[in-house]
file coords00.txt (compact mmCIF, C-alpha atoms)
# COMPACT_ATOMS: atom_id res chain seq x y z
CA MET A 1 23.08 -17.46 -12.13
CA ALA A 2 25.07 -14.42 -11.11
CA ASP A 3 27.26 -15.00 -8.07
CA PRO A 4 26.20 -12.23 -5.61
CA ALA A 5 29.78 -11.92 -4.36
CA LYS A 6 30.94 -11.00 -7.86
CA PHE A 7 30.24 -7.76 -9.68
CA TYR A 8 30.34 -8.00 -13.47
CA LEU A 9 30.93 -5.01 -15.72
CA SER A 10 30.59 -4.52 -19.45
CA TYR A 11 33.01 -2.49 -21.55
CA ASN A 12 30.33 0.08 -22.30
CA GLN A 13 29.55 0.56 -18.62
CA ILE A 14 33.22 1.21 -17.99
CA HIS A 15 33.48 3.55 -20.97
CA LYS A 16 30.62 5.58 -19.47
CA THR A 17 32.26 5.60 -16.05
CA VAL A 18 35.41 6.95 -17.68
CA LYS A 19 33.42 9.64 -19.46
CA ARG A 20 31.81 10.69 -16.19
CA LEU A 21 35.23 10.67 -14.48
CA SER A 22 36.61 12.93 -17.22
CA GLU A 23 33.77 15.40 -16.66
CA GLU A 24 34.44 15.41 -12.93
CA ILE A 25 38.15 15.99 -13.52
CA LYS A 26 37.42 18.88 -15.88
CA SER A 27 34.90 20.38 -13.45
CA THR A 28 37.66 20.78 -10.85
CA GLY A 29 39.88 22.60 -13.34
CA TYR A 30 42.59 19.95 -13.02
CA ASP A 31 44.27 19.96 -16.42
CA PRO A 32 47.00 17.30 -16.57
CA ASP A 33 49.96 17.47 -18.97
CA VAL A 34 50.38 13.70 -19.01
CA ILE A 35 48.46 10.57 -18.08
CA VAL A 36 50.36 7.76 -16.36
CA ALA A 37 48.62 4.38 -16.55
CA ILE A 38 49.40 1.66 -14.05
CA GLY A 39 49.67 -1.60 -15.96
CA THR A 40 48.03 -3.77 -16.66
CA GLY A 41 44.75 -2.77 -14.95
CA GLY A 42 45.01 0.88 -15.91
CA PHE A 43 45.78 0.36 -19.61
CA ILE A 44 42.17 0.19 -20.79
CA PRO A 45 40.72 2.93 -18.54
CA ALA A 46 43.63 5.24 -19.46
CA ARG A 47 43.14 4.67 -23.19
CA MET A 48 39.41 5.33 -22.87
CA LEU A 49 40.17 8.49 -20.88
CA LYS A 50 42.46 9.78 -23.64
CA THR A 51 39.35 10.23 -25.82
CA TYR A 52 38.04 12.82 -23.35
CA ILE A 53 41.33 14.17 -21.99
CA ASN A 54 43.77 13.99 -24.89
CA ARG A 55 47.20 13.76 -23.32
CA PRO A 56 50.20 11.46 -23.89
CA ILE A 57 49.96 8.23 -21.92
CA TYR A 58 53.03 6.89 -20.16
CA THR A 59 52.77 3.49 -18.56
CA VAL A 60 54.30 1.88 -15.52
CA GLY A 61 54.03 -1.86 -15.09
CA ILE A 62 53.54 -3.02 -11.53
CA SER A 63 53.17 -6.57 -10.35
CA TYR A 64 51.81 -6.97 -6.84
CA TYR A 65 49.79 -10.17 -7.17
CA ASP A 66 51.31 -13.51 -8.07
CA GLU A 67 49.84 -16.04 -10.49
CA ASN A 68 47.46 -17.24 -7.72
CA ASP A 69 46.15 -13.71 -7.08
CA LYS A 70 47.99 -13.57 -3.75
CA PRO A 71 49.78 -10.33 -2.90
CA LYS A 72 53.56 -10.40 -2.92
CA ASP A 73 55.62 -8.84 -0.10
CA ALA A 74 55.80 -5.58 -2.04
CA PRO A 75 54.90 -4.27 -5.48
CA GLU A 76 57.53 -5.00 -8.13
CA LYS A 77 58.26 -2.93 -11.19
CA VAL A 78 57.62 -4.76 -14.44
CA GLN A 79 58.37 -1.66 -16.47
CA TRP A 80 59.12 1.85 -15.34
CA ILE A 81 59.15 5.16 -17.14
CA ASP A 82 62.94 5.50 -17.20
CA GLU A 83 64.08 8.01 -19.75
CA VAL A 84 60.84 9.95 -19.57
CA GLU A 85 60.98 10.18 -15.79
CA ASN A 86 62.63 13.56 -16.11
CA LYS A 87 59.71 14.62 -18.28
CA LEU A 88 57.53 14.44 -15.19
CA GLU A 89 59.40 17.23 -13.44
CA GLY A 90 57.26 20.32 -13.37
CA ARG A 91 54.36 18.60 -15.17
CA LYS A 92 50.82 17.97 -13.99
CA VAL A 93 50.31 14.23 -13.80
CA LEU A 94 47.13 12.18 -13.72
CA LEU A 95 47.75 8.64 -12.49
CA VAL A 96 45.14 6.12 -13.66
CA ASP A 97 44.32 2.64 -12.41
CA GLU A 98 41.23 0.45 -12.48
CA VAL A 99 40.74 -0.10 -8.76
CA ASP A 100 41.85 1.17 -5.39
CA ASP A 101 41.87 -2.05 -3.38
CA SER A 102 44.44 -2.29 -0.57
CA ARG A 103 45.90 1.04 -1.79
CA ILE A 104 49.42 -0.43 -1.63
CA THR A 105 50.07 -0.24 -5.39
CA LEU A 106 48.68 3.28 -5.58
CA GLU A 107 50.81 4.54 -2.70
CA TYR A 108 53.89 2.87 -4.17
CA CYS A 109 53.36 4.48 -7.58
CA LEU A 110 52.45 7.88 -6.17
CA ARG A 111 55.59 8.04 -4.00
CA GLU A 112 57.79 6.95 -6.91
CA LEU A 113 56.26 9.54 -9.21
CA LEU A 114 56.41 12.26 -6.54
CA SER A 115 60.16 11.67 -6.26
CA HIS A 116 60.43 13.06 -9.81
CA LYS A 117 58.99 16.39 -8.69
CA PRO A 118 55.84 16.79 -10.77
CA ALA A 119 54.20 20.21 -10.50
CA GLU A 120 51.07 18.43 -9.30
CA ILE A 121 49.75 14.90 -9.18
CA SER A 122 46.21 13.52 -9.02
CA VAL A 123 44.73 10.04 -9.16
CA ALA A 124 41.74 8.64 -11.01
CA VAL A 125 40.39 5.13 -10.46
CA LEU A 126 37.27 3.48 -11.83
CA HIS A 127 36.43 1.94 -8.47
CA ASN A 128 37.32 2.34 -4.84
CA LYS A 129 36.62 -0.55 -2.52
CA ASN A 130 35.39 0.58 0.87
CA LYS A 131 37.66 -1.45 3.12
CA LEU A 132 40.51 -1.05 5.55
CA LYS A 133 43.39 0.38 3.50
CA GLU A 134 46.98 -0.74 3.97
CA GLY A 135 48.36 2.13 1.91
CA VAL A 136 47.74 5.86 2.10
CA ILE A 137 47.28 8.58 -0.47
CA PRO A 138 50.21 10.96 0.19
CA ASP A 139 49.27 14.50 1.26
CA GLU A 140 50.92 15.93 -1.87
CA VAL A 141 48.20 14.39 -4.06
CA SER A 142 45.84 17.18 -5.06
CA HIS A 143 42.79 15.24 -6.24
CA TYR A 144 41.52 11.71 -5.84
CA PHE A 145 38.86 10.95 -8.47
CA VAL A 146 36.67 7.83 -8.15
CA GLY A 147 34.17 6.53 -10.69
CA ASN A 148 32.20 4.41 -8.24
CA GLU A 149 32.49 3.55 -4.57
CA LEU A 150 31.96 -0.18 -4.01
CA GLU A 151 31.85 -2.62 -1.15
CA ASP A 152 34.72 -5.06 -0.77
CA ILE A 153 33.48 -7.38 -3.52
CA TRP A 154 35.11 -9.23 -6.37
CA ILE A 155 34.96 -7.00 -9.43
CA CYS A 156 34.93 -8.85 -12.75
CA TYR A 157 36.32 -6.54 -15.43
CA PRO A 158 35.36 -7.32 -19.02
CA TRP A 159 38.96 -7.55 -20.22
CA ASP A 160 39.40 -10.59 -17.95
CA ALA A 161 36.43 -12.39 -19.48
CA VAL A 162 37.16 -15.58 -21.39
CA ASP A 163 33.58 -15.50 -22.72
CA ILE A 164 32.59 -11.89 -23.41
CA ASP A 165 28.96 -12.75 -24.24
CA GLU A 166 28.56 -14.40 -20.84
CA GLN A 167 30.23 -11.37 -19.18
CA GLU A 168 27.82 -9.04 -20.95
CA LYS A 169 24.84 -11.10 -19.83
CA MET A 170 26.02 -11.13 -16.21
CA ALA A 171 26.68 -7.38 -16.31
CA HIS A 172 23.09 -6.73 -17.36
CA THR A 173 21.24 -9.17 -15.10
CA GLN A 174 22.60 -8.00 -11.77
CA MET B 1 22.90 6.87 -40.93
CA ALA B 2 26.15 4.96 -41.00
CA ASP B 3 28.82 6.56 -43.17
CA PRO B 4 29.82 3.78 -45.63
CA ALA B 5 33.42 5.00 -45.62
CA LYS B 6 33.67 4.36 -41.87
CA PHE B 7 33.75 0.99 -40.19
CA TYR B 8 32.51 0.98 -36.60
CA LEU B 9 33.45 -1.68 -34.09
CA SER B 10 32.13 -2.53 -30.64
CA TYR B 11 34.33 -3.58 -27.74
CA ASN B 12 32.79 -7.05 -27.73
CA GLN B 13 33.52 -7.53 -31.43
CA ILE B 14 37.14 -6.63 -30.77
CA HIS B 15 37.32 -8.87 -27.71
CA LYS B 16 36.16 -11.77 -29.91
CA THR B 17 38.69 -10.89 -32.61
CA VAL B 18 41.40 -11.00 -29.94
CA LYS B 19 40.17 -14.38 -28.72
CA ARG B 20 40.28 -15.74 -32.26
CA LEU B 21 43.76 -14.26 -32.76
CA SER B 22 44.95 -15.97 -29.56
CA GLU B 23 43.67 -19.31 -30.84
CA GLU B 24 45.46 -18.80 -34.13
CA ILE B 25 48.69 -17.90 -32.34
CA LYS B 26 48.43 -20.99 -30.14
CA SER B 27 47.67 -23.19 -33.15
CA THR B 28 51.05 -22.30 -34.66
CA GLY B 29 52.86 -23.26 -31.47
CA TYR B 30 54.25 -19.73 -31.08
CA ASP B 31 54.57 -19.30 -27.32
CA PRO B 32 55.81 -15.80 -26.48
CA ASP B 33 57.63 -14.95 -23.24
CA VAL B 34 56.49 -11.34 -23.33
CA ILE B 35 53.91 -9.17 -25.04
CA VAL B 36 54.98 -5.73 -26.24
CA ALA B 37 52.08 -3.33 -26.87
CA ILE B 38 52.50 -0.36 -29.16
CA GLY B 39 50.80 2.60 -27.49
CA THR B 40 48.30 3.89 -27.52
CA GLY B 41 46.43 1.79 -30.11
CA GLY B 42 47.80 -1.51 -28.89
CA PHE B 43 47.04 -0.99 -25.19
CA ILE B 44 43.50 -2.35 -25.28
CA PRO B 45 44.08 -5.28 -27.69
CA ALA B 46 47.18 -6.30 -25.69
CA ARG B 47 45.33 -6.22 -22.38
CA MET B 48 42.48 -8.30 -23.85
CA LEU B 49 45.04 -10.74 -25.25
CA LYS B 50 46.61 -11.22 -21.81
CA THR B 51 43.42 -13.01 -20.75
CA TYR B 52 44.13 -15.72 -23.32
CA ILE B 53 47.94 -15.57 -23.44
CA ASN B 54 49.02 -14.63 -19.93
CA ARG B 55 52.37 -12.95 -20.31
CA PRO B 56 53.85 -9.70 -18.95
CA ILE B 57 53.00 -6.68 -21.09
CA TYR B 58 55.67 -4.12 -21.87
CA THR B 59 54.63 -1.02 -23.69
CA VAL B 60 56.29 1.28 -26.15
CA GLY B 61 54.74 4.62 -26.91
CA ILE B 62 55.01 5.75 -30.49
CA SER B 63 53.68 8.94 -31.97
CA TYR B 64 53.47 9.00 -35.75
CA TYR B 65 50.38 11.11 -36.31
CA ASP B 66 50.04 14.69 -35.19
CA GLU B 67 47.00 16.27 -33.54
CA ASN B 68 45.37 16.60 -36.99
CA ASP B 69 45.85 12.89 -37.79
CA LYS B 70 48.56 13.76 -40.34
CA PRO B 71 51.66 11.55 -40.36
CA LYS B 72 54.89 13.12 -39.12
CA ASP B 73 58.19 12.71 -40.97
CA ALA B 74 59.00 9.65 -38.88
CA PRO B 75 57.63 7.85 -35.83
CA GLU B 76 58.75 9.38 -32.54
CA LYS B 77 59.21 7.54 -29.28
CA VAL B 78 56.88 8.75 -26.55
CA GLN B 79 58.08 6.08 -24.18
CA TRP B 80 60.47 3.25 -24.74
CA ILE B 81 61.21 0.10 -22.81
CA ASP B 82 64.56 1.29 -21.48
CA GLU B 83 65.71 -0.73 -18.54
CA VAL B 84 63.78 -3.78 -19.64
CA GLU B 85 65.22 -3.70 -23.15
CA ASN B 86 67.90 -6.13 -22.09
CA LYS B 87 65.12 -8.42 -20.90
CA LEU B 88 64.17 -8.92 -24.54
CA GLU B 89 67.45 -10.59 -25.40
CA GLY B 90 66.85 -14.28 -25.96
CA ARG B 91 63.11 -13.98 -25.33
CA LYS B 92 60.21 -14.71 -27.62
CA VAL B 93 58.34 -11.48 -28.22
CA LEU B 94 54.82 -10.86 -29.47
CA LEU B 95 54.36 -7.28 -30.68
CA VAL B 96 50.73 -6.10 -30.60
CA ASP B 97 49.05 -3.16 -32.29
CA GLU B 98 45.51 -2.38 -33.37
CA VAL B 99 46.08 -1.81 -37.09
CA ASP B 100 48.65 -2.29 -39.81
CA ASP B 101 48.05 0.80 -41.94
CA SER B 102 51.07 2.23 -43.76
CA ARG B 103 53.25 -0.33 -41.92
CA ILE B 104 55.72 2.42 -40.99
CA THR B 105 55.12 2.23 -37.23
CA LEU B 106 55.28 -1.56 -37.28
CA GLU B 107 58.54 -1.65 -39.19
CA TYR B 108 60.04 0.99 -36.92
CA CYS B 109 59.11 -0.93 -33.77
CA LEU B 110 60.15 -4.30 -35.17
CA ARG B 111 63.60 -3.03 -36.17
CA GLU B 112 64.12 -1.37 -32.78
CA LEU B 113 63.08 -4.52 -30.93
CA LEU B 114 65.17 -6.76 -33.22
CA SER B 115 68.24 -4.72 -32.30
CA HIS B 116 67.87 -6.11 -28.77
CA LYS B 117 68.31 -9.66 -30.05
CA PRO B 118 65.09 -11.42 -29.10
CA ALA B 119 65.12 -15.19 -29.65
CA GLU B 120 62.12 -14.71 -31.92
CA ILE B 121 59.62 -12.00 -32.72
CA SER B 122 56.11 -12.14 -34.12
CA VAL B 123 53.41 -9.54 -34.70
CA ALA B 124 49.68 -9.57 -34.03
CA VAL B 125 47.31 -6.85 -35.24
CA LEU B 126 43.53 -6.68 -35.08
CA HIS B 127 43.29 -5.36 -38.63
CA ASN B 128 45.41 -5.14 -41.73
CA LYS B 129 44.42 -2.60 -44.36
CA ASN B 130 44.91 -3.88 -47.88
CA LYS B 131 46.78 -0.96 -49.40
CA LEU B 132 50.18 -0.04 -50.71
CA LYS B 133 52.55 -0.34 -47.74
CA GLU B 134 55.34 2.14 -47.10
CA GLY B 135 57.00 -0.08 -44.51
CA VAL B 136 58.00 -3.72 -44.64
CA ILE B 137 57.85 -6.59 -42.17
CA PRO B 138 61.51 -7.55 -41.69
CA ASP B 139 62.47 -11.09 -42.73
CA GLU B 140 63.42 -11.97 -39.16
CA VAL B 141 59.78 -11.79 -38.08
CA SER B 142 58.54 -15.35 -37.73
CA HIS B 143 54.74 -14.87 -37.72
CA TYR B 144 52.40 -12.10 -38.76
CA PHE B 145 48.95 -12.66 -37.22
CA VAL B 146 45.94 -10.64 -38.44
CA GLY B 147 42.45 -10.64 -36.95
CA ASN B 148 40.73 -9.29 -40.06
CA GLU B 149 41.83 -8.13 -43.48
CA LEU B 150 40.08 -4.88 -44.44
CA GLU B 151 39.95 -2.51 -47.34
CA ASP B 152 41.58 0.90 -46.93
CA ILE B 153 38.68 2.35 -44.92
CA TRP B 154 38.42 4.49 -41.83
CA ILE B 155 38.18 2.17 -38.82
CA CYS B 156 36.33 3.62 -35.83
CA TYR B 157 37.55 1.88 -32.70
CA PRO B 158 35.25 1.95 -29.69
CA TRP B 159 37.86 3.51 -27.40
CA ASP B 160 37.78 6.63 -29.59
CA ALA B 161 34.00 6.98 -29.24
CA VAL B 162 32.74 10.07 -27.44
CA ASP B 163 29.28 8.48 -27.33
CA ILE B 164 29.64 4.74 -26.77
CA ASP B 165 25.91 4.02 -27.24
CA GLU B 166 26.02 5.61 -30.69
CA GLN B 167 29.18 3.62 -31.50
CA GLU B 168 27.47 0.39 -30.45
CA LYS B 169 24.47 1.20 -32.61
CA MET B 170 26.64 1.95 -35.65
CA ALA B 171 28.67 -1.22 -35.09
CA HIS B 172 25.50 -3.30 -35.22
CA THR B 173 23.70 -1.62 -38.12
CA GLN B 174 26.39 -1.91 -40.73

call {"tool": "encode", "arguments": {"input": "coords00.txt", "output": "structure tokens"}}
result
Amino acid sequence: MADPAKFYLSYNQIHKTVKRLSEEIKSTGYDPDVIVAIGTGGFIPARMLKTYINRPIYTVGISYYDENDKPKDAPEKVQWIDEVENKLEGRKVLLVDEVDDSRITLEYCLRELLSHKPAEISVAVLHNKNKLKEGVIPDEVSHYFVGNELEDIWICYPWDAVDIDEQEKMAHTQ
Amino acid sequence: MADPAKFYLSYNQIHKTVKRLSEEIKSTGYDPDVIVAIGTGGFIPARMLKTYINRPIYTVGISYYDENDKPKDAPEKVQWIDEVENKLEGRKVLLVDEVDDSRITLEYCLRELLSHKPAEISVAVLHNKNKLKEGVIPDEVSHYFVGNELEDIWICYPWDAVDIDEQEKMAHTQ
């Protein structure tokens, strides 16, 4: 039985959400020079997006939840862009993550990237949870693209599935 | 009609290959401290693998093929690990990519990572193409894990699919 508090997604559903997101991004005329994926949640959405918006992907690794899924005091960098940071200056950046939850990680990454003076920066997430946000999207961000607006539920992404057949079944029965 | 020269894969097939790879890795007792994903092909396999082998993922971005899928003179770094490079010293590393084709990218990455003195380094790829290799796996590499051995065919990964329903259909009719 599907747990009503959990929302299961298949890879193909997410691939289609990414396709739709790419069409929305293109419809606004926003044409990024580079994609920056927030790891590890943004790795898969960003790679899917590259099929529709073919730009180099840089990654930043951020750790904000500990091994028990509890938030830490602040996001910590696992990996940062370093030598390519100066490649962001004057470029149009599209920052990609899987979910906008508390918004803390997004704000942290956006402010860090903004400090490297991109020409423009926008954000794309698969899902936004409609909840009280602890972080803010800085005013300098030109677009905020969302695949789907969701309630504050537990989203089960396919890449976290130990049993992908079970995940697929749950994704199609709810 | 499926083109016999092309081999289509679904996300779920790849997820299962990754699960099987993780079991093989564990069966050898190789217990990495960190996963290094070669971008962009290794992003999705590495993130799937994290579900079974939960380690931090660092990424390196390598560009060896141009926009026409022709190899360049040599692999070029799109992004490198930089400030975390010294975190590799004395650690057990698992390098992940989607395919071992000419072996040039793998050799390049392995030699670069070996220069940072990891305690041990192993490689995991979804697929190895049985063909004449232009690169070599350095002797220092302790394990080389392969999901599936394939002939020298054109592999169509799901993340490159413009139409994911069509991809799914092709993956199941061949």

call {"tool": "interface_residues", "arguments": {"input": "coords00.txt", "of": "chain A", "to": "chain B", "cutoff": "8 Å", "atoms": "all atoms listed in the file", "output": "ChimeraX atom specification"}}
result
/A:11-12,15-16,39-40,43-44,47-48,51-52,56-59,61,78-84,159-162,164-165

call {"tool": "calpha_fit_and_write", "arguments": {"input": "coords00.txt", "fixed": "chain B", "moving": "chain A", "output": "CSV table (one decimal) with C-alpha atoms, in the frame of the given file"}}
result
chain,number,residue,atom,x,y,z
A,1,MET,CA,22.9,6.9,-40.9
A,2,ALA,CA,26.2,4.9,-41.0
A,3,ASP,CA,28.8,6.5,-43.2
A,4,PRO,CA,29.8,3.8,-45.7
A,5,ALA,CA,33.4,5.0,-45.6
A,6,LYS,CA,33.6,4.4,-41.9
A,7,PHE,CA,33.7,1.0,-40.2
A,8,TYR,CA,32.5,1.0,-36.6
A,9,LEU,CA,33.4,-1.7,-34.1
A,10,SER,CA,32.1,-2.5,-30.6
A,11,TYR,CA,34.3,-3.6,-27.7
A,12,ASN,CA,32.8,-7.0,-27.7
A,13,GLN,CA,33.5,-7.5,-31.4
A,14,ILE,CA,37.1,-6.6,-30.8
A,15,HIS,CA,37.3,-8.9,-27.7
A,16,LYS,CA,36.2,-11.8,-29.9
A,17,THR,CA,38.7,-10.9,-32.6
A,18,VAL,CA,41.4,-11.0,-29.9
A,19,LYS,CA,40.2,-14.4,-28.7
A,20,ARG,CA,40.3,-15.7,-32.3
A,21,LEU,CA,43.8,-14.2,-32.8
A,22,SER,CA,44.9,-16.0,-29.6
A,23,GLU,CA,43.7,-19.3,-30.9
A,24,GLU,CA,45.5,-18.8,-34.1
A,25,ILE,CA,48.7,-17.9,-32.3
A,26,LYS,CA,48.4,-21.0,-30.2
A,27,SER,CA,47.7,-23.2,-33.2
A,28,THR,CA,51.0,-22.3,-34.7
A,29,GLY,CA,52.9,-23.2,-31.5
A,30,TYR,CA,54.2,-19.7,-31.1
A,31,ASP,CA,54.6,-19.3,-27.3
A,32,PRO,CA,55.8,-15.8,-26.5
A,33,ASP,CA,57.6,-15.0,-23.2
A,34,VAL,CA,56.5,-11.3,-23.3
A,35,ILE,CA,53.9,-9.2,-25.0
A,36,VAL,CA,55.0,-5.7,-26.2
A,37,ALA,CA,52.1,-3.3,-26.9
A,38,ILE,CA,52.5,-0.4,-29.2
A,39,GLY,CA,50.8,2.6,-27.5
A,40,THR,CA,48.3,3.9,-27.5
A,41,GLY,CA,46.4,1.8,-30.1
A,42,GLY,CA,47.8,-1.5,-28.9
A,43,PHE,CA,47.0,-1.0,-25.2
A,44,ILE,CA,43.5,-2.3,-25.3
A,45,PRO,CA,44.1,-5.3,-27.7
A,46,ALA,CA,47.2,-6.3,-25.7
A,47,ARG,CA,45.3,-6.2,-22.4
A,48,MET,CA,42.5,-8.3,-23.9
A,49,LEU,CA,45.0,-10.7,-25.3
A,50,LYS,CA,46.6,-11.2,-21.8
A,51,THR,CA,43.4,-13.0,-20.8
A,52,TYR,CA,44.1,-15.7,-23.3
A,53,ILE,CA,47.9,-15.6,-23.4
A,54,ASN,CA,49.0,-14.6,-19.9
A,55,ARG,CA,52.4,-13.0,-20.3
A,56,PRO,CA,53.8,-9.7,-18.9
A,57,ILE,CA,53.0,-6.7,-21.1
A,58,TYR,CA,55.7,-4.1,-21.8
A,59,THR,CA,54.6,-1.0,-23.7
A,60,VAL,CA,56.3,1.3,-26.2
A,61,GLY,CA,54.7,4.6,-26.9
A,62,ILE,CA,55.0,5.7,-30.5
A,63,SER,CA,53.7,8.9,-32.0
A,64,TYR,CA,53.5,9.0,-35.8
A,65,TYR,CA,50.4,11.1,-36.3
A,66,ASP,CA,50.1,14.7,-35.2
A,67,GLU,CA,47.0,16.3,-33.6
A,68,ASN,CA,45.4,16.6,-37.1
A,69,ASP,CA,45.9,12.9,-37.8
A,70,LYS,CA,48.6,13.8,-40.4
A,71,PRO,CA,51.7,11.6,-40.4
A,72,LYS,CA,54.9,13.1,-39.1
A,73,ASP,CA,58.2,12.7,-41.0
A,74,ALA,CA,59.0,9.7,-38.9
A,75,PRO,CA,57.7,7.9,-35.8
A,76,GLU,CA,58.8,9.4,-32.5
A,77,LYS,CA,59.2,7.6,-29.3
A,78,VAL,CA,56.9,8.8,-26.5
A,79,GLN,CA,58.1,6.1,-24.2
A,80,TRP,CA,60.5,3.2,-24.7
A,81,ILE,CA,61.2,0.1,-22.8
A,82,ASP,CA,64.6,1.3,-21.5
A,83,GLU,CA,65.7,-0.8,-18.5
A,84,VAL,CA,63.8,-3.8,-19.6
A,85,GLU,CA,65.2,-3.7,-23.1
A,86,ASN,CA,67.9,-6.2,-22.1
A,87,LYS,CA,65.1,-8.4,-20.9
A,88,LEU,CA,64.2,-8.9,-24.5
A,89,GLU,CA,67.4,-10.6,-25.4
A,90,GLY,CA,66.9,-14.3,-25.9
A,91,ARG,CA,63.1,-14.0,-25.3
A,92,LYS,CA,60.2,-14.7,-27.6
A,93,VAL,CA,58.3,-11.5,-28.2
A,94,LEU,CA,54.8,-10.9,-29.5
A,95,LEU,CA,54.3,-7.3,-30.7
A,96,VAL,CA,50.7,-6.1,-30.6
A,97,ASP,CA,49.1,-3.2,-32.3
A,98,GLU,CA,45.5,-2.4,-33.4
A,99,VAL,CA,46.1,-1.8,-37.1
A,100,ASP,CA,48.6,-2.3,-39.8
A,101,ASP,CA,48.0,0.8,-41.9
A,102,SER,CA,51.1,2.2,-43.8
A,103,ARG,CA,53.2,-0.3,-41.9
A,104,ILE,CA,55.7,2.4,-41.0
A,105,THR,CA,55.1,2.3,-37.2
A,106,LEU,CA,55.3,-1.5,-37.3
A,107,GLU,CA,58.5,-1.6,-39.2
A,108,TYR,CA,60.0,1.0,-36.9
A,109,CYS,CA,59.1,-0.9,-33.8
A,110,LEU,CA,60.1,-4.3,-35.2
A,111,ARG,CA,63.6,-3.0,-36.2
A,112,GLU,CA,64.1,-1.4,-32.8
A,113,LEU,CA,63.1,-4.5,-30.9
A,114,LEU,CA,65.2,-6.8,-33.2
A,115,SER,CA,68.2,-4.7,-32.3
A,116,HIS,CA,67.9,-6.1,-28.8
A,117,LYS,CA,68.3,-9.7,-30.1
A,118,PRO,CA,65.1,-11.4,-29.1
A,119,ALA,CA,65.1,-15.2,-29.6
A,120,GLU,CA,62.1,-14.7,-31.9
A,121,ILE,CA,59.6,-12.0,-32.7
A,122,SER,CA,56.1,-12.1,-34.1
A,123,VAL,CA,53.4,-9.5,-34.7
A,124,ALA,CA,49.7,-9.6,-34.0
A,125,VAL,CA,47.3,-6.9,-35.2
A,126,LEU,CA,43.5,-6.7,-35.1
A,127,HIS,CA,43.3,-5.4,-38.6
A,128,ASN,CA,45.4,-5.1,-41.7
A,129,LYS,CA,44.4,-2.6,-44.4
A,130,ASN,CA,44.9,-3.9,-47.9
A,131,LYS,CA,46.8,-1.0,-49.4
A,132,LEU,CA,50.2,0.0,-50.7
A,133,LYS,CA,52.6,-0.3,-47.7
A,134,GLU,CA,55.3,2.1,-47.1
A,135,GLY,CA,57.0,-0.1,-44.5
A,136,VAL,CA,58.0,-3.7,-44.6
A,137,ILE,CA,57.8,-6.6,-42.2
A,138,PRO,CA,61.5,-7.5,-41.7
A,139,ASP,CA,62.5,-11.1,-42.7
A,140,GLU,CA,63.4,-12.0,-39.2
A,141,VAL,CA,59.8,-11.8,-38.1
A,142,SER,CA,58.5,-15.3,-37.7
A,143,HIS,CA,54.7,-14.9,-37.7
A,144,TYR,CA,52.4,-12.1,-38.8
A,145,PHE,CA,48.9,-12.6,-37.2
A,146,VAL,CA,45.9,-10.6,-38.4
A,147,GLY,CA,42.4,-10.6,-37.0
A,148,ASN,CA,40.7,-9.3,-40.1
A,149,GLU,CA,41.8,-8.1,-43.5
A,150,LEU,CA,40.1,-4.9,-44.4
A,151,GLU,CA,39.9,-2.5,-47.3
A,152,ASP,CA,41.6,0.9,-46.9
A,153,ILE,CA,38.7,2.3,-44.9
A,154,TRP,CA,38.4,4.5,-41.8
A,155,ILE,CA,38.2,2.2,-38.8
A,156,CYS,CA,36.3,3.6,-35.8
A,157,TYR,CA,37.6,1.9,-32.7
A,158,PRO,CA,35.3,2.0,-29.7
A,159,TRP,CA,37.9,3.5,-27.4
A,160,ASP,CA,37.8,6.6,-29.6
A,161,ALA,CA,34.0,7.0,-29.2
A,162,VAL,CA,32.8,10.1,-27.4
A,163,ASP,CA,29.3,8.5,-27.3
A,164,ILE,CA,29.6,4.7,-26.8
A,165,ASP,CA,25.9,4.0,-27.2
A,166,GLU,CA,26.0,5.6,-30.7
A,167,GLN,CA,29.2,3.6,-31.5
A,168,GLU,CA,27.5,0.4,-30.4
A,169,LYS,CA,24.5,1.2,-32.6
A,170,MET,CA,26.6,1.9,-35.6
A,171,ALA,CA,28.7,-1.2,-35.1
A,172,HIS,CA,25.5,-3.3,-35.2
A,173,THR,CA,23.7,-1.7,-38.1
A,174,GLN,CA,26.4,-2.0,-40.7

call {"tool": "residues_around", "arguments": {"input": "coords00.txt", "residues": "Leu88 of chain A", "least_positions_apart": "6", "cutoff": "7 Å", "atoms": "all atoms listed in the file", "output": "list in words"}}
result
His116, Lys117 and Pro118 of chain A

call {"tool": "closest_residue", "arguments": {"input": "coords00.txt", "among": "B:Lys87, B:His172, B:His127, B:Arg55", "to": "Asp31 of chain B", "atoms": "only C-alpha atoms"}}
result
B:Arg55

call {"tool": "residues_near_point", "arguments": {"input": "coords00.txt", "point": "(53.9, -8.0, -31.0)", "cutoff": "7 Å", "atoms": "all atoms listed in the file", "output": "PDB file with C-alpha atoms, in the coordinates of the input"}}
result
ATOM      1  CA  ILE B  35      53.910  -9.170 -25.040  1.00  0.00           C
ATOM      2  CA  VAL B  36      54.980  -5.730 -26.240  1.00  0.00           C
ATOM      3  CA  ALA B  37      52.080  -3.330 -26.870  1.00  0.00           C
ATOM      4  CA  VAL B  93      58.340 -11.480 -28.220  1.00  0.00           C
ATOM      5  CA  LEU B  94      54.820 -10.860 -29.470  1.00  0.00           C
ATOM      6  CA  LEU B  95      54.360  -7.280 -30.680  1.00  0.00           C
ATOM      7  CA  VAL B  96      50.730  -6.100 -30.600  1.00  0.00           C
ATOM      8  CA  ASP B  97      49.050  -3.160 -32.290  1.00  0.00           C
ATOM      9  CA  SER B 122      56.110 -12.140 -34.120  1.00  0.00           C
ATOM     10  CA  VAL B 123      53.410  -9.540 -34.700  1.00  0.00           C
ATOM     11  CA  ALA B 124      49.680  -9.570 -34.030  1.00  0.00           C
TER      12      ALA B 124
END

call {"tool": "residues_around", "arguments": {"input": "coords00.txt", "residues": "Phe145 of chain B", "least_positions_apart": "3", "cutoff": "12 Å", "atoms": "all atoms listed in the file", "output": "PyMOL selection string"}}
result
chain B and resi 17-18+20-28+30+94-100+121-128+137+141-142+148-149
